[in-house]
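**Student:** So that we are looking at the same thing, I have put the structure below in structure tokens.
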Amino acid sequence: MASKTHVLLPGSKRAKDPAAIRVGEIDPKEKIVVTIALAGPNLPSADEYIGQTLTPAELAQKFGASQENADKVAKSLKKFGLKVEEVSLGTRSMTVSGTAKAMEAAFEPGMAMMHSVRDGEYRGRQGTIKIPAELKGIVTGVFGLDQRRMARRKLNSAASASHAATLSPLAPADLEQRYNFPPGDGEGQSIVIAEFGGGYFADDVAAYCNKFQRPVADVKAVAIDAPAYTLQQTLALPPQQRRLVLGDAVEVMMDVEIVAGLCPKASISVYFSTFDQRGWVDLLNRVITAKPVALSCSWGLAEDDPSWSANAVATIDDRLNAARLLGITTCVSSGDDGSGDQVDDGKAHIDFPSSSPNALGVGGTMLKMSGPNVQEVTWWESPGQRAGGGGATGGGVSTVFSRPAWQKVKVKSLNSGSIDGRVAPDIAALSGPPFYDLIFLGKDAPNGGTSASAPLWAALIARISAKLPASKQQRFLYQSGGNGQPVGKGSSRDITVGNNTSNPDPGKGYKAGAGFDAVTGWGVPDGVKLLNSLATI
């Protein structure tokens with residue numbers, strides 16, 4: 001209930017973490033840092049500003065928070081002993097620090113220490129938080145009070161011995177040939193890779209580039225809210241933490257090596273942030289400030305997972321929208337668990353943030369022998385979800401985001417009574433067998449998943465952007481091309497075979513077919529055709 005001094009913060013309700021138990025009280029003297037989201041002018045809908053870009057100054061002027069509101073927040077929170085560490089009007093954010101006792105007084109979250117098998121001990125909360133009454137309508141989110149995991153990806157290497165016997169993992173040159181990349185090396189382009197765990201091991205990137213006779217890429221590891229561990233630092237960690245970091249680093253290095261092999265002369269940055277809601281917001285704020293040509297994100301969670309707070313989903317989507325307005329293409333993997341997305345309730349689910357209409361959702365394919373020929377089909381390995389040892393491309397129809405007017409596709413939700421929501425993925429690339437030829441800890445380590453198809457698309461976008469004038473660099477696959485067809489349709493190779501059913505839940509899935517579908521979108525890229533289509537718009 002609200003009081004005379006505080007009001008409920010809309011959208012801040014969080015469910016109990018079903019994987020965790022309460023183990024104690026928080027230390028009132030513990031220092032806590034939170035990110036506060038500020039209100040601002042309504043951002044454009046996904047149907048507005050199509051094919052247009054704003055400068056950072058224009059974005060801040062049109063849609064940034066006001067200094068007056070930031071000052072009100074600072075003045076109000078100072079009464080509770082909280083300190084403003086940083087203000088970013090352009091990203092509508094403030095960083096605020098203080099003791100746990102002060103945070104409790106300011107926001108009344110009811111924090112406690114929690115423990116889960118996967119993530120150990122962390123600070124958590126449930127229910128709705130409150131804000132000082134004078135900040136009603138000014139503060140739209142407070143993130144960082146709860147540290148539970150809100151980002152996941154594939155847990156193990158995807159390499160399968162049964163497939164390795166017939167087809168070999170793909171090297172950079174194989175990928176360039178299969179997807180008809182335009183010539184180039186990404187020089188002059190900037191790519192950011194989002195990570196919510198793991199570390200960056202420079203020797204593996206050097207070994208990978210040398211193996212395939214590519215220039216050794218210049219990669220910068222950047223700590224946002226989490227450490228950017230080197231291999232030496234990782235090996236020095238306590239055993240349990242070391243295992244977790246190494247497990248996530250398998251996937252981190254896959255992302256980096258795919259981008260480094262395809263764009264060795266690009267400026268590549270790997271951003272490391274915490275896997276809670278605040279980590280998402282802070283990482284995207286930094287991306288907006290850096291303004292790369294593409295962001296690759298291979299992490300996500302079901303958009304309707306009850307652990308999300310509604311205002312976190314909205315705040316993350318606002319930042320994806322801001323990135324879109326700046327001309328940044330955010331390539332997000334659609335998940336590796338098929339139509340269920342690790343939610344066992346008998347319904348179909350879709351991964352966020354790939355379900356955002358402001359992101360480019362990337363699905364997955366695999367290669368198989370069809371007689372003497374290699375056929376590319378939808379990625380699906382029994383039982384259609386990684387938890388059971390297989391894997392399948394995520395995809396489906398959103399229950400959170402309405403279908404934009406530009407997405408004129410006929411895909412119906414598998415869930416009865418559901419809205420005609422945004423459909424993802426938009427496009428696809430190799431995710432399953434025979435996987436990508438990679439190196440980890442100095443050894444060959446083939447791997448895949450939609451975690452791999454997202455960085456491939458980020459690299460392709462950088463290669464294409466390098467050959468386009470600035471006025472042509474805002475990519476949009478649903479925009480009409482020179483032949484009257486949507487760009488995505490005219491510059492993709494359609495994938496018509498397969499489905500993404502995950503078993504046992506929901507036991508049904510979306511099917512591939514002629515044209516756009518909810519498992520591979522428009523299909524896999526023909527890079528030269530895509531470049532030519534964008535050049536004619």
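If you're wondering about the labels, chains in the structure tokens are A, B, ... by order shown, residues count from 1 in each chain, ligands from 1 in order shown.
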Dump as a tab-separated table the rows for residues of stretch 22-73 of chain A within 12 Å of stretch 404-412 of chain A: closest atom pair and distance in Å with one decimal, only C-alpha atoms counted, ordered by chain and rising residue number.

**Tutor:**
residue	atom	partner	partner_atom	distance
A:Ser45	CA	A:Pro404	CA	8.6
A:Ala46	CA	A:Pro404	CA	6.4
A:Asp47	CA	A:Pro404	CA	6.2
A:Glu48	CA	A:Trp406	CA	9.9
A:Tyr49	CA	A:Trp406	CA	11.8
A:Ile50	CA	A:Trp406	CA	9.3
A:Gly51	CA	A:Trp406	CA	12.0

**Student:** Hey, can you spit out that residue selection with N, CA and C atoms as a PDB file, in the first residue's frame?

**Tutor:**
ATOM      1  N   SER A  45       6.809   5.098 -31.969  1.00  0.00           N
ATOM      2  CA  SER A  45       6.424   3.698 -32.070  1.00  0.00           C
ATOM      3  C   SER A  45       7.329   3.011 -33.086  1.00  0.00           C
ATOM      4  N   ALA A  46       7.252   1.690 -33.132  1.00  0.00           N
ATOM      5  CA  ALA A  46       8.075   0.927 -34.075  1.00  0.00           C
ATOM      6  C   ALA A  46       7.716   1.229 -35.517  1.00  0.00           C
ATOM      7  N   ASP A  47       6.576   1.857 -35.748  1.00  0.00           N
ATOM      8  CA  ASP A  47       6.142   2.187 -37.113  1.00  0.00           C
ATOM      9  C   ASP A  47       6.597   3.575 -37.556  1.00  0.00           C
ATOM     10  N   GLU A  48       7.239   4.309 -36.668  1.00  0.00           N
ATOM     11  CA  GLU A  48       7.685   5.665 -36.987  1.00  0.00           C
ATOM     12  C   GLU A  48       9.202   5.709 -37.198  1.00  0.00           C
ATOM     13  N   TYR A  49       9.650   6.739 -37.893  1.00  0.00           N
ATOM     14  CA  TYR A  49      11.072   6.960 -38.174  1.00  0.00           C
ATOM     15  C   TYR A  49      11.680   5.785 -38.951  1.00  0.00           C
ATOM     16  N   ILE A  50      10.888   5.160 -39.797  1.00  0.00           N
ATOM     17  CA  ILE A  50      11.400   4.050 -40.595  1.00  0.00           C
ATOM     18  C   ILE A  50      12.371   4.601 -41.646  1.00  0.00           C
ATOM     19  N   GLY A  51      13.574   4.023 -41.690  1.00  0.00           N
ATOM     20  CA  GLY A  51      14.567   4.466 -42.660  1.00  0.00           C
ATOM     21  C   GLY A  51      15.194   5.802 -42.332  1.00  0.00           C
TER      22      GLY A  51
END

**Student:** With a distance cut-off of 10 Å and only C-alpha atoms, select the neighbouring residues of A:Asp336, excluding the residue or stretch itself and same-chain residues fewer than 6 positions from it, and output the selection as a list of chain:residue names.

**Tutor:**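 Using only C-alpha atoms, the neighbours found are A:Arg153, A:Lys154, A:Gln342, A:Asp351, A:Gly363, A:Gly364, A:Trp379, A:Trp380, A:Gly384, A:Gln385, A:Arg386, A:Ala387, A:Gly390, A:Gly391, A:Ala392, A:Thr393, A:Gly394, A:Gly395, A:Ser431, A:Gly432, A:Gly448, A:Gly449, A:Thr450, A:Ser451, A:Asn500, A:Ser502.
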
**Student:** Of the residues A:Gly197, A:Gly141, A:Gly64, A:Gly498, which is the one nearest to A:Asp119, using only C-alpha atoms?

**Tutor:** A:Gly197

**Student:** Name the closest residue to A:Leu477 among the candidates A:Asn447, A:Gln147, A:Gln189, A:Ser533; distances are taken between atoms, counting only C-alpha atoms.

**Tutor:**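 Closest residue, counting only C-alpha atoms: A:Ser533.
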
**Student:** Leaving out A:Leu283 and any residue of its chain fewer than 3 positions from it, which residues lie within 8 Å of it when counting only C-alpha atoms, given as a list of chain:residue names?

**Tutor:** A:Ala194, A:Ile224, A:Asp225, A:Tyr271, A:Phe272, A:Ser273, A:Gly279, A:Trp280, A:Arg286, A:Val287

**Student:** With N, CA, C and O atoms retained, export the selected residues as a PDB file, in the first residue's frame.

**Tutor:**
ATOM      1  N   ALA A 194      27.379  -8.056 -26.651  1.00  0.00           N
ATOM      2  CA  ALA A 194      26.860  -7.998 -25.283  1.00  0.00           C
ATOM      3  C   ALA A 194      27.080  -9.327 -24.582  1.00  0.00           C
ATOM      4  O   ALA A 194      26.742 -10.382 -25.113  1.00  0.00           O
ATOM      5  N   ILE A 224      31.317  -3.226 -17.761  1.00  0.00           N
ATOM      6  CA  ILE A 224      30.216  -2.285 -17.499  1.00  0.00           C
ATOM      7  C   ILE A 224      29.833  -2.409 -16.023  1.00  0.00           C
ATOM      8  O   ILE A 224      30.290  -1.646 -15.186  1.00  0.00           O
ATOM      9  N   ASP A 225      29.023  -3.426 -15.688  1.00  0.00           N
ATOM     10  CA  ASP A 225      28.704  -3.689 -14.283  1.00  0.00           C
ATOM     11  C   ASP A 225      29.365  -4.967 -13.782  1.00  0.00           C
ATOM     12  O   ASP A 225      29.221  -5.327 -12.618  1.00  0.00           O
ATOM     13  N   TYR A 271      31.233  -6.015 -24.266  1.00  0.00           N
ATOM     14  CA  TYR A 271      30.745  -5.369 -23.051  1.00  0.00           C
ATOM     15  C   TYR A 271      30.285  -6.443 -22.061  1.00  0.00           C
ATOM     16  O   TYR A 271      29.429  -7.268 -22.384  1.00  0.00           O
ATOM     17  N   PHE A 272      30.833  -6.397 -20.846  1.00  0.00           N
ATOM     18  CA  PHE A 272      30.453  -7.346 -19.802  1.00  0.00           C
ATOM     19  C   PHE A 272      29.603  -6.640 -18.751  1.00  0.00           C
ATOM     20  O   PHE A 272      30.026  -5.647 -18.164  1.00  0.00           O
ATOM     21  N   SER A 273      28.405  -7.160 -18.525  1.00  0.00           N
ATOM     22  CA  SER A 273      27.521  -6.583 -17.524  1.00  0.00           C
ATOM     23  C   SER A 273      26.925  -7.693 -16.668  1.00  0.00           C
ATOM     24  O   SER A 273      27.043  -8.886 -17.000  1.00  0.00           O
ATOM     25  N   GLY A 279      21.730  -4.799 -15.182  1.00  0.00           N
ATOM     26  CA  GLY A 279      22.798  -5.077 -16.138  1.00  0.00           C
ATOM     27  C   GLY A 279      22.365  -4.855 -17.572  1.00  0.00           C
ATOM     28  O   GLY A 279      23.130  -4.327 -18.390  1.00  0.00           O
ATOM     29  N   TRP A 280      21.138  -5.265 -17.909  1.00  0.00           N
ATOM     30  CA  TRP A 280      20.601  -5.030 -19.252  1.00  0.00           C
ATOM     31  C   TRP A 280      20.525  -3.528 -19.553  1.00  0.00           C
ATOM     32  O   TRP A 280      20.967  -3.065 -20.615  1.00  0.00           O
ATOM     33  N   ARG A 286      25.228   2.122 -22.462  1.00  0.00           N
ATOM     34  CA  ARG A 286      26.589   2.310 -22.978  1.00  0.00           C
ATOM     35  C   ARG A 286      26.630   2.131 -24.497  1.00  0.00           C
ATOM     36  O   ARG A 286      27.373   2.828 -25.194  1.00  0.00           O
ATOM     37  N   VAL A 287      25.850   1.194 -25.002  1.00  0.00           N
ATOM     38  CA  VAL A 287      25.786   0.988 -26.459  1.00  0.00           C
ATOM     39  C   VAL A 287      25.262   2.241 -27.139  1.00  0.00           C
ATOM     40  O   VAL A 287      25.797   2.678 -28.174  1.00  0.00           O
TER      41      VAL A 287
END

**Student:** Could you list, as a PyMOL selection string, every residue within 6 Å of stretch 418-429 of chain A, counting only C-alpha atoms and ignoring same-chain residues fewer than 3 positions away?

**Tutor:** chain A and resi 355+361-365+395-399+401-403+415+453+518+520-524

**Student:** Interatomic distance between atom CA of A:Pro182 and atom CA of A:Gly261?

**Tutor:**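 Those two atoms sit 14.3 Å apart.
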
**Student:** Go through A:Gly338, A:Pro446, A:Pro434, A:Gly371 one by one, measure the shortest atom-to-atom distance of each to A:Lys511 using only C-alpha atoms, and give the residue with the smallest value.

**Tutor:**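 Among A:Gly338, A:Pro446, A:Pro434, A:Gly371, it is A:Gly338 that comes nearest to A:Lys511.
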
**Student:** Using only C-alpha atoms, pick whichever of A:Thr99, A:Thr315, A:Ile138, A:Pro44 has the shortest atom-to-atom distance to A:Ala70.

**Tutor:**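 Closest residue, counting only C-alpha atoms: A:Ile138.
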
**Student:** So the first atom is atom CA of A:Ile191 and the second is atom CA of A:Asp282; what is the distance between them in Å, to one decimal place?

**Tutor:**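 Between atom CA of A:Ile191 and atom CA of A:Asp282 the gap is 17.4 Å.
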
**Student:** Can you list, as a ChimeraX atom specification, every residue of stretch 179-252 of chain A that DSSP puts in alpha helix (DSSP H)?

**Tutor:** /A:202-211,231-235,239-252

**Student:** Take the residues just selected and output them with C-alpha atoms as a compact mmCIF listing (two decimals), in the first residue's frame.

**Tutor:**
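Everything below was put into part_27.txt:
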# COMPACT_ATOMS: atom_id res chain seq x y z
CA ALA A 202 42.79 -13.00 -26.19
CA ASP A 203 45.06 -15.96 -26.98
CA ASP A 204 42.11 -17.95 -28.34
CA VAL A 205 41.14 -15.14 -30.71
CA ALA A 206 44.72 -14.90 -31.96
CA ALA A 207 44.87 -18.68 -32.48
CA TYR A 208 41.52 -18.63 -34.30
CA CYS A 209 42.51 -15.80 -36.64
CA ASN A 210 45.87 -17.42 -37.34
CA LYS A 211 44.27 -20.81 -38.02
CA LEU A 231 42.07 -16.20 -18.64
CA GLN A 232 44.63 -15.65 -15.89
CA GLN A 233 42.05 -13.91 -13.68
CA THR A 234 39.51 -16.64 -14.40
CA LEU A 235 41.86 -19.44 -13.39
CA PRO A 239 36.49 -23.31 -7.92
CA GLN A 240 32.71 -22.83 -8.19
CA GLN A 241 32.99 -19.31 -9.59
CA ARG A 242 35.75 -20.44 -11.96
CA ARG A 243 33.49 -23.17 -13.37
CA LEU A 244 30.68 -20.67 -13.97
CA VAL A 245 32.95 -18.13 -15.67
CA LEU A 246 34.58 -20.78 -17.88
CA GLY A 247 31.17 -22.17 -18.83
CA ASP A 248 29.95 -18.77 -19.97
CA ALA A 249 33.31 -17.98 -21.60
CA VAL A 250 32.78 -20.84 -24.08
CA GLU A 251 29.91 -18.85 -25.50
CA VAL A 252 31.62 -15.46 -25.20

**Student:** Considering only C-alpha atoms, return as a VMD selection string whatever protein or nucleic-acid residues lie within 8 Å of A:Leu414, sequence-local ones (same chain, fewer than 4 positions apart) excluded.

**Tutor:** chain A and resid 347 to 348 397 509 to 510

**Student:** Counting only C-alpha atoms, what is within 9 Å of A:Pro264, bar same-chain residues fewer than 6 positions away, as number ranges by chain?

**Tutor:** A: 185-187, 209, 214-218

**Student:** Please save all heavy atoms of the selected residues as a PDB file, in the first residue's frame.

**Tutor:**
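Okay, again.pdb is ready:
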ATOM      1  N   ASP A 185      36.480  -6.593 -44.963  1.00  0.00           N
ATOM      2  CA  ASP A 185      36.980  -7.081 -43.681  1.00  0.00           C
ATOM      3  C   ASP A 185      36.434  -6.273 -42.502  1.00  0.00           C
ATOM      4  O   ASP A 185      36.893  -6.410 -41.380  1.00  0.00           O
ATOM      5  CB  ASP A 185      38.503  -7.056 -43.660  1.00  0.00           C
ATOM      6  CG  ASP A 185      39.077  -5.706 -44.056  1.00  0.00           C
ATOM      7  OD1 ASP A 185      38.346  -4.690 -43.988  1.00  0.00           O
ATOM      8  OD2 ASP A 185      40.264  -5.655 -44.457  1.00  0.00           O
ATOM      9  N   GLY A 186      35.423  -5.399 -42.769  1.00  0.00           N
ATOM     10  CA  GLY A 186      34.816  -4.627 -41.693  1.00  0.00           C
ATOM     11  C   GLY A 186      35.582  -3.387 -41.293  1.00  0.00           C
ATOM     12  O   GLY A 186      35.225  -2.726 -40.304  1.00  0.00           O
ATOM     13  N   GLU A 187      36.626  -3.032 -42.049  1.00  0.00           N
ATOM     14  CA  GLU A 187      37.428  -1.873 -41.665  1.00  0.00           C
ATOM     15  C   GLU A 187      36.561  -0.612 -41.601  1.00  0.00           C
ATOM     16  O   GLU A 187      35.733  -0.357 -42.469  1.00  0.00           O
ATOM     17  CB  GLU A 187      38.570  -1.669 -42.656  1.00  0.00           C
ATOM     18  CG  GLU A 187      39.538  -0.572 -42.235  1.00  0.00           C
ATOM     19  CD  GLU A 187      40.775  -0.517 -43.102  1.00  0.00           C
ATOM     20  OE1 GLU A 187      40.809  -1.220 -44.149  1.00  0.00           O
ATOM     21  OE2 GLU A 187      41.709   0.213 -42.742  1.00  0.00           O
ATOM     22  N   CYS A 209      42.206 -16.606 -35.454  1.00  0.00           N
ATOM     23  CA  CYS A 209      42.506 -15.801 -36.645  1.00  0.00           C
ATOM     24  C   CYS A 209      43.700 -16.379 -37.407  1.00  0.00           C
ATOM     25  O   CYS A 209      43.701 -16.426 -38.652  1.00  0.00           O
ATOM     26  CB  CYS A 209      42.768 -14.347 -36.240  1.00  0.00           C
ATOM     27  SG  CYS A 209      41.303 -13.476 -35.624  1.00  0.00           S
ATOM     28  N   ARG A 214      43.478 -15.100 -41.072  1.00  0.00           N
ATOM     29  CA  ARG A 214      42.843 -13.791 -41.009  1.00  0.00           C
ATOM     30  C   ARG A 214      43.698 -12.883 -40.134  1.00  0.00           C
ATOM     31  O   ARG A 214      44.362 -13.359 -39.201  1.00  0.00           O
ATOM     32  CB  ARG A 214      41.441 -13.903 -40.400  1.00  0.00           C
ATOM     33  CG  ARG A 214      40.514 -14.887 -41.134  1.00  0.00           C
ATOM     34  CD  ARG A 214      39.857 -14.209 -42.315  1.00  0.00           C
ATOM     35  NE  ARG A 214      39.355 -15.139 -43.297  1.00  0.00           N
ATOM     36  CZ  ARG A 214      38.143 -15.057 -43.859  1.00  0.00           C
ATOM     37  NH1 ARG A 214      37.307 -14.107 -43.506  1.00  0.00           N
ATOM     38  NH2 ARG A 214      37.787 -15.917 -44.797  1.00  0.00           N
ATOM     39  N   PRO A 215      43.694 -11.576 -40.398  1.00  0.00           N
ATOM     40  CA  PRO A 215      44.414 -10.674 -39.491  1.00  0.00           C
ATOM     41  C   PRO A 215      43.871 -10.831 -38.068  1.00  0.00           C
ATOM     42  O   PRO A 215      42.661 -11.049 -37.883  1.00  0.00           O
ATOM     43  CB  PRO A 215      44.089  -9.285 -40.054  1.00  0.00           C
ATOM     44  CG  PRO A 215      43.693  -9.527 -41.473  1.00  0.00           C
ATOM     45  CD  PRO A 215      43.032 -10.862 -41.509  1.00  0.00           C
ATOM     46  N   VAL A 216      44.743 -10.743 -37.081  1.00  0.00           N
ATOM     47  CA  VAL A 216      44.293 -10.860 -35.696  1.00  0.00           C
ATOM     48  C   VAL A 216      43.500  -9.607 -35.328  1.00  0.00           C
ATOM     49  O   VAL A 216      44.012  -8.485 -35.399  1.00  0.00           O
ATOM     50  CB  VAL A 216      45.475 -11.060 -34.738  1.00  0.00           C
ATOM     51  CG1 VAL A 216      44.988 -11.097 -33.293  1.00  0.00           C
ATOM     52  CG2 VAL A 216      46.216 -12.347 -35.075  1.00  0.00           C
ATOM     53  N   ALA A 217      42.247  -9.809 -34.972  1.00  0.00           N
ATOM     54  CA  ALA A 217      41.336  -8.688 -34.717  1.00  0.00           C
ATOM     55  C   ALA A 217      41.736  -7.930 -33.455  1.00  0.00           C
ATOM     56  O   ALA A 217      42.270  -8.503 -32.497  1.00  0.00           O
ATOM     57  CB  ALA A 217      39.908  -9.214 -34.581  1.00  0.00           C
ATOM     58  N   ASP A 218      41.466  -6.637 -33.468  1.00  0.00           N
ATOM     59  CA  ASP A 218      41.675  -5.780 -32.300  1.00  0.00           C
ATOM     60  C   ASP A 218      40.383  -5.786 -31.487  1.00  0.00           C
ATOM     61  O   ASP A 218      39.382  -5.173 -31.875  1.00  0.00           O
ATOM     62  CB  ASP A 218      42.020  -4.360 -32.753  1.00  0.00           C
ATOM     63  CG  ASP A 218      42.229  -3.413 -31.579  1.00  0.00           C
ATOM     64  OD1 ASP A 218      42.461  -3.900 -30.462  1.00  0.00           O
ATOM     65  OD2 ASP A 218      42.129  -2.186 -31.778  1.00  0.00           O
TER      66      ASP A 218
END

**Student:** Identify, on the basis of only C-alpha atoms, every residue whose closest approach to A:Asp304 does not exceed 10 Å; exclude the query and any residue fewer than 5 positions from it along the same chain; express the result as a PyMOL selection string.

**Tutor:** chain A and resi 309-310+313+343+349-352+398-400

**Student:** Can you work out the spacing between atom CA of A:Asn321 and atom CA of A:Val87 in Å, to one decimal?

**Tutor:**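 Here the two named atoms are 19.8 Å from each other.
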
**Student:** Nearest residue to A:Asp17 out of A:Cys263, A:Leu284, A:Met150, A:Ile32, using only C-alpha atoms?

**Tutor:** A:Met150
